[in-house]
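> Sending over coords_30.pdb (PDB, C-alpha atoms and all ligand atoms).
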```
ATOM      1  CA  MET Q 112       3.965 -10.471 -10.748
ATOM      2  CA  ARG Q 113       4.535 -11.429  -7.136
ATOM      3  CA  ILE Q 114       5.866 -14.857  -6.177
ATOM      4  CA  LEU Q 115       6.109 -16.262  -2.661
ATOM      5  CA  ILE Q 116       8.871 -18.874  -2.246
ATOM      6  CA  ILE Q 117       8.426 -21.148   0.784
ATOM      7  CA  GLU Q 118      11.701 -23.045   1.029
ATOM      8  CA  ASP Q 119      13.982 -23.746   3.998
ATOM      9  CA  GLU Q 120      17.136 -24.558   2.054
ATOM     10  CA  THR Q 121      18.869 -21.210   1.634
ATOM     11  CA  ARG Q 122      20.863 -22.376  -1.354
ATOM     12  CA  ILE Q 123      17.729 -23.323  -3.301
ATOM     13  CA  ALA Q 124      15.767 -20.279  -2.112
ATOM     14  CA  ASP Q 125      18.591 -17.959  -3.253
ATOM     15  CA  PHE Q 126      18.850 -19.720  -6.599
ATOM     16  CA  LEU Q 127      15.110 -19.390  -7.193
ATOM     17  CA  GLN Q 128      14.987 -15.794  -6.036
ATOM     18  CA  ARG Q 129      17.901 -14.694  -8.200
ATOM     19  CA  GLY Q 130      16.623 -16.475 -11.287
ATOM     20  CA  LEU Q 131      13.041 -15.293 -10.943
ATOM     21  CA  ARG Q 132      14.044 -11.705 -10.210
ATOM     22  CA  ALA Q 133      16.152 -11.716 -13.364
ATOM     23  CA  GLU Q 134      12.971 -12.715 -15.212
ATOM     24  CA  GLY Q 135      11.214  -9.669 -13.754
ATOM     25  CA  TYR Q 136       9.217 -11.418 -11.034
ATOM     26  CA  PHE Q 137       8.998  -9.857  -7.588
ATOM     27  CA  CYS Q 138       9.957 -12.541  -5.036
ATOM     28  CA  LEU Q 139       9.693 -12.962  -1.325
ATOM     29  CA  VAL Q 140      11.212 -15.932   0.571
ATOM     30  CA  ALA Q 141       9.820 -17.587   3.695
ATOM     31  CA  ASN Q 142      12.210 -20.094   5.295
ATOM     32  CA  ASP Q 143       9.657 -22.117   7.249
ATOM     33  CA  GLY Q 144       6.091 -23.327   6.887
ATOM     34  CA  GLU Q 145       4.576 -21.049   9.484
ATOM     35  CA  THR Q 146       6.022 -17.834   8.040
ATOM     36  CA  GLY Q 147       5.083 -18.982   4.557
ATOM     37  CA  LEU Q 148       1.540 -19.733   5.590
ATOM     38  CA  SER Q 149       1.032 -16.370   7.280
ATOM     39  CA  LEU Q 150       2.389 -14.474   4.256
ATOM     40  CA  ALA Q 151       0.311 -16.572   1.857
ATOM     41  CA  MET Q 152      -2.828 -16.033   3.953
ATOM     42  CA  GLU Q 153      -2.648 -12.309   3.253
ATOM     43  CA  GLY Q 154      -3.366 -13.340  -0.311
ATOM     44  CA  ASP Q 155      -1.283 -10.693  -2.036
ATOM     45  CA  PHE Q 156       0.718 -13.098  -4.217
ATOM     46  CA  ASP Q 157       0.128 -14.243  -7.771
ATOM     47  CA  LEU Q 158       1.928 -17.543  -7.281
ATOM     48  CA  ILE Q 159       3.348 -19.687  -4.482
ATOM     49  CA  LEU Q 160       6.311 -22.065  -4.818
ATOM     50  CA  LEU Q 161       6.136 -24.517  -1.937
ATOM     51  CA  ASP Q 162       8.723 -26.979  -0.628
ATOM     52  CA  LEU Q 163       7.294 -29.981   1.285
ATOM     53  CA  MET Q 164       9.898 -30.878   3.905
ATOM     54  CA  LEU Q 165       9.807 -27.694   5.975
ATOM     55  CA  PRO Q 166      10.615 -27.032   9.624
ATOM     56  CA  GLY Q 167       7.429 -26.516  11.635
ATOM     57  CA  ILE Q 168       4.494 -27.154   9.331
ATOM     58  CA  HIS Q 169       4.779 -29.676   6.501
ATOM     59  CA  GLY Q 170       4.161 -28.326   2.990
ATOM     60  CA  HIS Q 171       1.116 -30.552   2.485
ATOM     61  CA  GLU Q 172      -0.437 -28.934   5.531
ATOM     62  CA  VAL Q 173       0.398 -25.401   4.323
ATOM     63  CA  CYS Q 174      -1.328 -26.159   1.041
ATOM     64  CA  GLN Q 175      -4.367 -27.781   2.621
ATOM     65  CA  HIS Q 176      -4.784 -24.943   5.110
ATOM     66  CA  LEU Q 177      -4.652 -22.282   2.376
ATOM     67  CA  ARG Q 178      -7.313 -24.041   0.282
ATOM     68  CA  MET Q 179      -9.527 -24.560   3.334
ATOM     69  CA  GLU Q 180      -9.324 -20.824   3.993
ATOM     70  CA  GLN Q 181     -10.292 -20.090   0.380
ATOM     71  CA  VAL Q 182      -6.865 -18.744  -0.550
ATOM     72  CA  ASN Q 183      -6.751 -19.916  -4.150
ATOM     73  CA  THR Q 184      -3.401 -18.473  -5.207
ATOM     74  CA  PRO Q 185      -1.854 -20.744  -7.869
ATOM     75  CA  LEU Q 186       0.611 -23.052  -6.146
ATOM     76  CA  ILE Q 187       3.430 -25.258  -7.419
ATOM     77  CA  ILE Q 188       5.025 -27.815  -5.108
ATOM     78  CA  LEU Q 189       8.802 -28.173  -5.410
ATOM     79  CA  SER Q 190      10.041 -31.266  -3.664
ATOM     80  CA  ALA Q 191      12.590 -34.022  -3.679
ATOM     81  CA  MET Q 192       9.881 -36.400  -2.556
ATOM     82  CA  ASP Q 193       9.192 -37.891  -5.918
ATOM     83  CA  SER Q 194       7.125 -40.900  -5.034
ATOM     84  CA  LEU Q 195       3.791 -41.130  -6.775
ATOM     85  CA  ASP Q 196       1.992 -40.937  -3.418
ATOM     86  CA  ASP Q 197       3.527 -37.554  -2.627
ATOM     87  CA  VAL Q 198       2.560 -36.193  -6.028
ATOM     88  CA  ILE Q 199      -1.025 -37.383  -5.645
ATOM     89  CA  THR Q 200      -1.284 -36.095  -2.066
ATOM     90  CA  GLY Q 201       0.078 -32.684  -3.091
ATOM     91  CA  LEU Q 202      -2.387 -32.348  -5.935
ATOM     92  CA  ARG Q 203      -5.284 -33.547  -3.755
ATOM     93  CA  MET Q 204      -4.357 -30.903  -1.168
ATOM     94  CA  GLY Q 205      -4.965 -28.283  -3.851
ATOM     95  CA  ALA Q 206      -1.596 -27.736  -5.538
ATOM     96  CA  ASP Q 207      -1.841 -26.738  -9.207
ATOM     97  CA  ASP Q 208       1.343 -28.461 -10.287
ATOM     98  CA  TYR Q 209       4.238 -30.462  -8.931
ATOM     99  CA  LEU Q 210       7.922 -30.358  -9.831
ATOM    100  CA  THR Q 211      10.476 -32.783  -8.398
ATOM    101  CA  LYS Q 212      13.966 -31.680  -7.438
ATOM    102  CA  PRO Q 213      16.347 -31.416  -9.092
ATOM    103  CA  PHE Q 214      14.636 -29.530 -11.899
ATOM    104  CA  SER Q 215      15.923 -27.211 -14.585
ATOM    105  CA  PHE Q 216      15.195 -23.525 -14.163
ATOM    106  CA  GLU Q 217      13.775 -23.448 -17.703
ATOM    107  CA  GLU Q 218      11.269 -26.129 -16.793
ATOM    108  CA  LEU Q 219      10.223 -24.198 -13.698
ATOM    109  CA  LEU Q 220       9.681 -21.038 -15.785
ATOM    110  CA  ALA Q 221       7.588 -22.971 -18.300
ATOM    111  CA  ARG Q 222       5.473 -24.498 -15.507
ATOM    112  CA  ILE Q 223       4.984 -21.084 -13.891
ATOM    113  CA  GLU Q 224       3.827 -19.623 -17.189
ATOM    114  CA  ALA Q 225       1.463 -22.543 -17.781
ATOM    115  CA  VAL Q 226      -0.067 -22.323 -14.304
ATOM    116  CA  MET Q 227      -0.470 -18.547 -14.646
ATOM    117  CA  ARG Q 228      -2.094 -18.914 -18.072
ATOM    118  CA  ARG Q 229      -4.604 -21.383 -16.656
ATOM    119  CA  SER Q 230      -5.311 -19.214 -13.642
ATOM    120  CA  SER Q 231      -5.775 -15.990 -15.629
ATOM    121  CA  ALA Q 232      -7.971 -17.869 -18.107
ATOM    122  CA  ILE Q 233     -10.194 -18.822 -15.161
ATOM    123  CA  SER Q 234     -10.203 -15.461 -13.390
ATOM    124  CA  GLY Q 235     -10.242 -13.426 -16.590
ATOM    125  CA  GLN Q 236      -7.421 -11.358 -15.141
ATOM    126  CA  ASP Q 237      -5.069  -9.916 -17.722
ATOM    127  CA  GLN Q 238      -1.519  -8.696 -17.451
ATOM    128  CA  LYS Q 239      -2.540  -5.066 -17.129
ATOM    129  CA  LEU Q 240      -3.583  -3.835 -13.720
ATOM    130  CA  LYS Q 241      -5.669  -0.638 -13.942
ATOM    131  CA  ALA Q 242      -6.827   1.676 -11.181
ATOM    132  CA  GLY Q 243      -8.227   5.072 -12.177
ATOM    133  CA  PRO Q 244      -5.537   6.914 -14.165
ATOM    134  CA  LEU Q 245      -2.889   4.383 -13.114
ATOM    135  CA  LEU Q 246      -1.814   1.417 -15.188
ATOM    136  CA  PHE Q 247       0.713  -1.253 -14.314
ATOM    137  CA  ASP Q 248       1.796  -3.693 -17.005
ATOM    138  CA  ARG Q 249       2.777  -6.806 -15.069
ATOM    139  CA  LYS Q 250       4.454  -8.378 -18.062
ATOM    140  CA  SER Q 251       6.819  -5.544 -19.006
ATOM    141  CA  LEU Q 252       6.903  -4.109 -15.436
ATOM    142  CA  ARG Q 253       6.129  -0.639 -16.791
ATOM    143  CA  PHE Q 254       3.996   1.821 -14.880
ATOM    144  CA  PHE Q 255       1.928   4.682 -16.321
ATOM    145  CA  ALA Q 256      -0.027   7.563 -14.815
ATOM    146  CA  ASP Q 257      -2.426   9.354 -17.173
ATOM    147  CA  GLY Q 258      -0.740   7.529 -20.053
ATOM    148  CA  THR Q 259       2.747   8.823 -19.213
ATOM    149  CA  GLU Q 260       5.362   6.278 -18.262
ATOM    150  CA  ILE Q 261       6.923   6.759 -14.830
ATOM    151  CA  LYS Q 262      10.148   4.957 -13.953
ATOM    152  CA  LEU Q 263       9.853   3.203 -10.613
ATOM    153  CA  THR Q 264      12.309   1.018  -8.700
ATOM    154  CA  ALA Q 265      11.459  -2.636  -7.939
ATOM    155  CA  LYS Q 266      10.321  -1.833  -4.384
ATOM    156  CA  GLU Q 267       8.249   1.145  -5.515
ATOM    157  CA  LEU Q 268       6.586  -1.029  -8.160
ATOM    158  CA  ALA Q 269       5.839  -3.700  -5.569
ATOM    159  CA  ILE Q 270       4.157  -1.125  -3.293
ATOM    160  CA  ILE Q 271       2.074   0.500  -6.002
ATOM    161  CA  GLU Q 272       1.040  -2.903  -7.369
ATOM    162  CA  LEU Q 273      -0.101  -3.900  -3.902
ATOM    163  CA  LEU Q 274      -2.136  -0.698  -3.439
ATOM    164  CA  MET Q 275      -3.562  -0.935  -6.967
ATOM    165  CA  SER Q 276      -4.617  -4.544  -6.408
ATOM    166  CA  ASN Q 277      -7.314  -3.244  -4.101
ATOM    167  CA  PRO Q 278      -8.085   0.479  -4.476
ATOM    168  CA  GLY Q 279      -9.777   2.018  -1.464
ATOM    169  CA  THR Q 280      -8.580  -0.771   0.841
ATOM    170  CA  LEU Q 281      -6.449   0.216   3.796
ATOM    171  CA  PHE Q 282      -3.032  -1.427   3.850
ATOM    172  CA  SER Q 283      -1.307  -1.216   7.208
ATOM    173  CA  ARG Q 284       2.406  -0.371   7.310
ATOM    174  CA  GLU Q 285       3.029  -3.855   8.645
ATOM    175  CA  ARG Q 286       1.209  -5.498   5.761
ATOM    176  CA  ILE Q 287       3.149  -3.445   3.222
ATOM    177  CA  LEU Q 288       6.388  -4.226   5.053
ATOM    178  CA  ASN Q 289       5.661  -7.973   5.155
ATOM    179  CA  ASN Q 290       4.721  -8.040   1.515
ATOM    180  CA  VAL Q 291       7.501  -5.986   0.055
ATOM    181  CA  TRP Q 292      10.414  -6.490   2.458
ATOM    182  CA  GLY Q 293       9.589  -9.751   4.230
ATOM    183  CA  LEU Q 294       8.767 -10.709   7.786
ATOM    184  CA  ASP Q 295      12.237 -10.311   9.251
ATOM    185  CA  MET Q 296      12.115  -6.515   8.963
ATOM    186  CA  ASP Q 297      11.936  -4.457  12.133
ATOM    187  CA  PRO Q 298       8.267  -3.378  12.396
ATOM    188  CA  LEU Q 299       9.385  -0.038  13.855
ATOM    189  CA  THR Q 300      11.342   0.951  10.773
ATOM    190  CA  ASN Q 301       9.998   3.900   8.804
ATOM    191  CA  VAL Q 302      11.090   2.462   5.471
ATOM    192  CA  VAL Q 303       7.474   2.184   4.249
ATOM    193  CA  ASP Q 304       6.838   5.895   4.877
ATOM    194  CA  VAL Q 305      10.064   6.814   3.113
ATOM    195  CA  TYR Q 306       9.113   4.796   0.042
ATOM    196  CA  ILE Q 307       5.540   6.107   0.023
ATOM    197  CA  GLY Q 308       7.016   9.615   0.025
ATOM    198  CA  LYS Q 309       9.183   8.789  -2.984
ATOM    199  CA  LEU Q 310       6.267   7.170  -4.787
ATOM    200  CA  ARG Q 311       4.038  10.195  -4.260
ATOM    201  CA  LYS Q 312       6.662  12.519  -5.714
ATOM    202  CA  LYS Q 313       6.906  10.359  -8.804
ATOM    203  CA  VAL Q 314       3.234   9.479  -9.226
ATOM    204  CA  ASP Q 315       1.431  12.759  -8.562
ATOM    205  CA  GLY Q 316       4.059  15.345  -7.709
ATOM    206  CA  GLY Q 317       3.732  14.732  -3.965
ATOM    207  CA  SER Q 318       0.750  17.068  -3.644
ATOM    208  CA  ASP Q 319      -1.426  17.084  -0.508
ATOM    209  CA  SER Q 320      -4.217  15.541  -2.527
ATOM    210  CA  SER Q 321      -2.051  12.572  -3.484
ATOM    211  CA  MET Q 322      -3.856   9.478  -4.686
ATOM    212  CA  ILE Q 323      -1.812   7.577  -2.111
ATOM    213  CA  GLU Q 324      -3.702   8.580   0.964
ATOM    214  CA  THR Q 325      -2.316   8.412   4.504
ATOM    215  CA  VAL Q 326      -4.739   7.048   7.039
ATOM    216  CA  ARG Q 327      -3.224   8.475  10.162
ATOM    217  CA  GLY Q 328      -1.860   5.906  12.571
ATOM    218  CA  MET Q 329      -3.161   3.085  10.361
ATOM    219  CA  GLY Q 330      -1.484   2.934   6.984
ATOM    220  CA  TYR Q 331      -2.112   3.833   3.370
ATOM    221  CA  ARG Q 332      -4.689   3.357   0.672
ATOM    222  CA  LEU Q 333      -5.156   4.284  -2.932
ATOM    223  CA  ASN Q 334      -7.896   6.903  -3.089
ATOM    224  CA  LEU Q 335      -9.119   7.474  -6.625
ATOM    225  CA  GLU Q 336     -12.336   9.262  -5.791
ATOM    226  CA  GLU Q 337     -11.383  12.836  -6.604
ATOM    227  CA  LYS Q 338      -9.118  11.775  -9.424
ATOM    228  CA  VAL Q 339     -11.514   9.989 -11.740
TER     229      VAL Q 339
HETATM  230 CA    CA Q 401      13.129 -28.573   2.616
END
```
Would you mind writing the structure in this file as structure tokens?
Ligand code: CA

Amino acid sequence: MRILIIEDETRIADFLQRGLRAEGYFCLVANDGETGLSLAMEGDFDLILLDLMLPGIHGHEVCQHLRMEQVNTPLIILSAMDSLDDVITGLRMGADDYLTKPFSFEELLARIEAVMRRSSAISGQDQKLKAGPLLFDRKSLRFFADGTEIKLTAKELAIIELLMSNPGTLFSRERILNNVWGLDMDPLTNVVDVYIGKLRKKVDGGSDSSMIETVRGMGYRLNLEEKV
């Protein structure tokens, strides 16, 4: 499961990231409202944790903008602003829940699970992501091809999950980079190609007819047509 953390205080962002990663969540941190909004707009996250007092755009605005643009990713506001007005405003802007700082990590985990349960009950989405012969179990973070388990690293899992979330859709290198490594990566780096190469070797032996198709000069997509 992929979580976007929009939080400008490095200490809190690090604490959240470390804790959530230890629980098996894939996390990406945005340190200001604008970066957070642009990552969230791509819609490739399962959950957003949003601070309110952010440099640039205020958290309320980030939330409102996302909902206006029909980005309905479950969202929990984390804020020290604990007045009733702020809670009500946050929820009216489309947040799914609200947690005031300081909070215990256990409470955050419980809230995340509750919000995700509600959201998957609505969307009917289960923990298993399937695409052709590929299966990714989001809960146990195990990946299978043709029923055989394949051990992937955290970054490889994040890439394949992204591609599997929308088979046939073209994902540009930049989009993969932003989603898996974050916005501060050099867009000229070839790290995406390197990881795609590793993934292909593991997933289908790196053959020319790999399911992970290169669209020259554009990016990559999962092509299941000849495989199913
Ligand atoms: Ca803040």
> In Å, with one decimal, what is the gap from CA of Val303 (chain Q) to CA of Thr146 (chain Q)?
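Straight-line distance from CA of Val303 (chain Q) to CA of Thr146 (chain Q) works out to 20.4 Å.
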> Need the shell around Leu148 (chain Q): protein/DNA/RNA residues with any atom at most 9 Å away, counting all atoms listed in the file. Skip same-chain ones fewer than 6 positions apart. Format as a list in words?
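The residues satisfying every condition are Ile117, Ala141, Ile168, Val173, Cys174, His176 and Leu177 of chain Q.
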> For the interface of region 241-338 of chain Q with region 127-140 of chain Q (cut-off 10 Å, counting only C-alpha atoms), please tabulate each contacting residue of region 241-338 of chain Q alongside its nearest pair of atoms and their separation in Å to one decimal, rows sorted by chain and increasing number, as a tab-separated table.

```
residue	atom	partner	partner_atom	distance
Q:Arg249	CA	Q:Tyr136	CA	8.9
Q:Lys250	CA	Q:Gly135	CA	8.1
Q:Ser251	CA	Q:Gly135	CA	8.0
Q:Leu252	CA	Q:Gly135	CA	7.2
Q:Ala265	CA	Q:Phe137	CA	7.6
Q:Lys266	CA	Q:Phe137	CA	8.7
Q:Leu268	CA	Q:Phe137	CA	9.2
Q:Ala269	CA	Q:Phe137	CA	7.2
Q:Asn289	CA	Q:Leu139	CA	9.1
Q:Asn290	CA	Q:Leu139	CA	7.6
Q:Val291	CA	Q:Leu139	CA	7.4
Q:Trp292	CA	Q:Leu139	CA	7.5
Q:Gly293	CA	Q:Leu139	CA	6.4
Q:Leu294	CA	Q:Val140	CA	9.2
```
> Write a file of the just-selected residues containing C-alpha atoms, as a tab-separated table (two decimals), in the coordinates of the input.

```tsv
chain	number	residue	atom	x	y	z
Q	249	ARG	CA	2.78	-6.81	-15.07
Q	250	LYS	CA	4.45	-8.38	-18.06
Q	251	SER	CA	6.82	-5.54	-19.01
Q	252	LEU	CA	6.90	-4.11	-15.44
Q	265	ALA	CA	11.46	-2.64	-7.94
Q	266	LYS	CA	10.32	-1.83	-4.38
Q	268	LEU	CA	6.59	-1.03	-8.16
Q	269	ALA	CA	5.84	-3.70	-5.57
Q	289	ASN	CA	5.66	-7.97	5.16
Q	290	ASN	CA	4.72	-8.04	1.52
Q	291	VAL	CA	7.50	-5.99	0.06
Q	292	TRP	CA	10.41	-6.49	2.46
Q	293	GLY	CA	9.59	-9.75	4.23
Q	294	LEU	CA	8.77	-10.71	7.79
```
> List the residues selected by the PyMOL selection byres (((chain Q and resi 262) around 12) and not hetatm) in the file shown, writing them as a ChimeraX atom specification.
/Q:247,252-256,259-261,263-268,309-310,312-314
> Determine, counting only C-alpha atoms, which protein, DNA and RNA residues have an atom within 7 Å of an atom of region 189-197 of chain Q; residues of the same chain fewer than 2 positions away are not included. Present the result as a VMD selection string.
chain Q and resid 160 to 163 187 199 to 201 209 to 212
> Those residues you just picked out, can you put them in a file as a PDB file, in the coordinates of the input with C-alpha atoms?

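Okay, this is what ended up in result.pdb:
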```
ATOM      1  CA  LEU Q 160       6.311 -22.065  -4.818  1.00  0.00           C
ATOM      2  CA  LEU Q 161       6.136 -24.517  -1.937  1.00  0.00           C
ATOM      3  CA  ASP Q 162       8.723 -26.979  -0.628  1.00  0.00           C
ATOM      4  CA  LEU Q 163       7.294 -29.981   1.285  1.00  0.00           C
ATOM      5  CA  ILE Q 187       3.430 -25.258  -7.419  1.00  0.00           C
ATOM      6  CA  ILE Q 199      -1.025 -37.383  -5.645  1.00  0.00           C
ATOM      7  CA  THR Q 200      -1.284 -36.095  -2.066  1.00  0.00           C
ATOM      8  CA  GLY Q 201       0.078 -32.684  -3.091  1.00  0.00           C
ATOM      9  CA  TYR Q 209       4.238 -30.462  -8.931  1.00  0.00           C
ATOM     10  CA  LEU Q 210       7.922 -30.358  -9.831  1.00  0.00           C
ATOM     11  CA  THR Q 211      10.476 -32.783  -8.398  1.00  0.00           C
ATOM     12  CA  LYS Q 212      13.966 -31.680  -7.438  1.00  0.00           C
TER      13      LYS Q 212
END
```
> Q:Thr300, Q:Ser215, Q:Gln181, Q:Ser320: which is nearest Glu153 (chain Q), counting all atoms listed in the file?
Q:Gln181
> On this file, the PyMOL selection byres (((not hetatm)) within 6 of (chain Q and resi 401)) gives some set of residues; write that set as a PyMOL selection string.
chain Q and resi 118-120+162+164-165
> I'd like the contact shell of Gly258 (chain Q) - 10 Å cut-off, all atoms listed in the file, skipping same-chain residues fewer than 6 positions apart - returned as a list in words.
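Close residues of Gly258 (chain Q): Pro244, Leu245 and Leu246 of chain Q.
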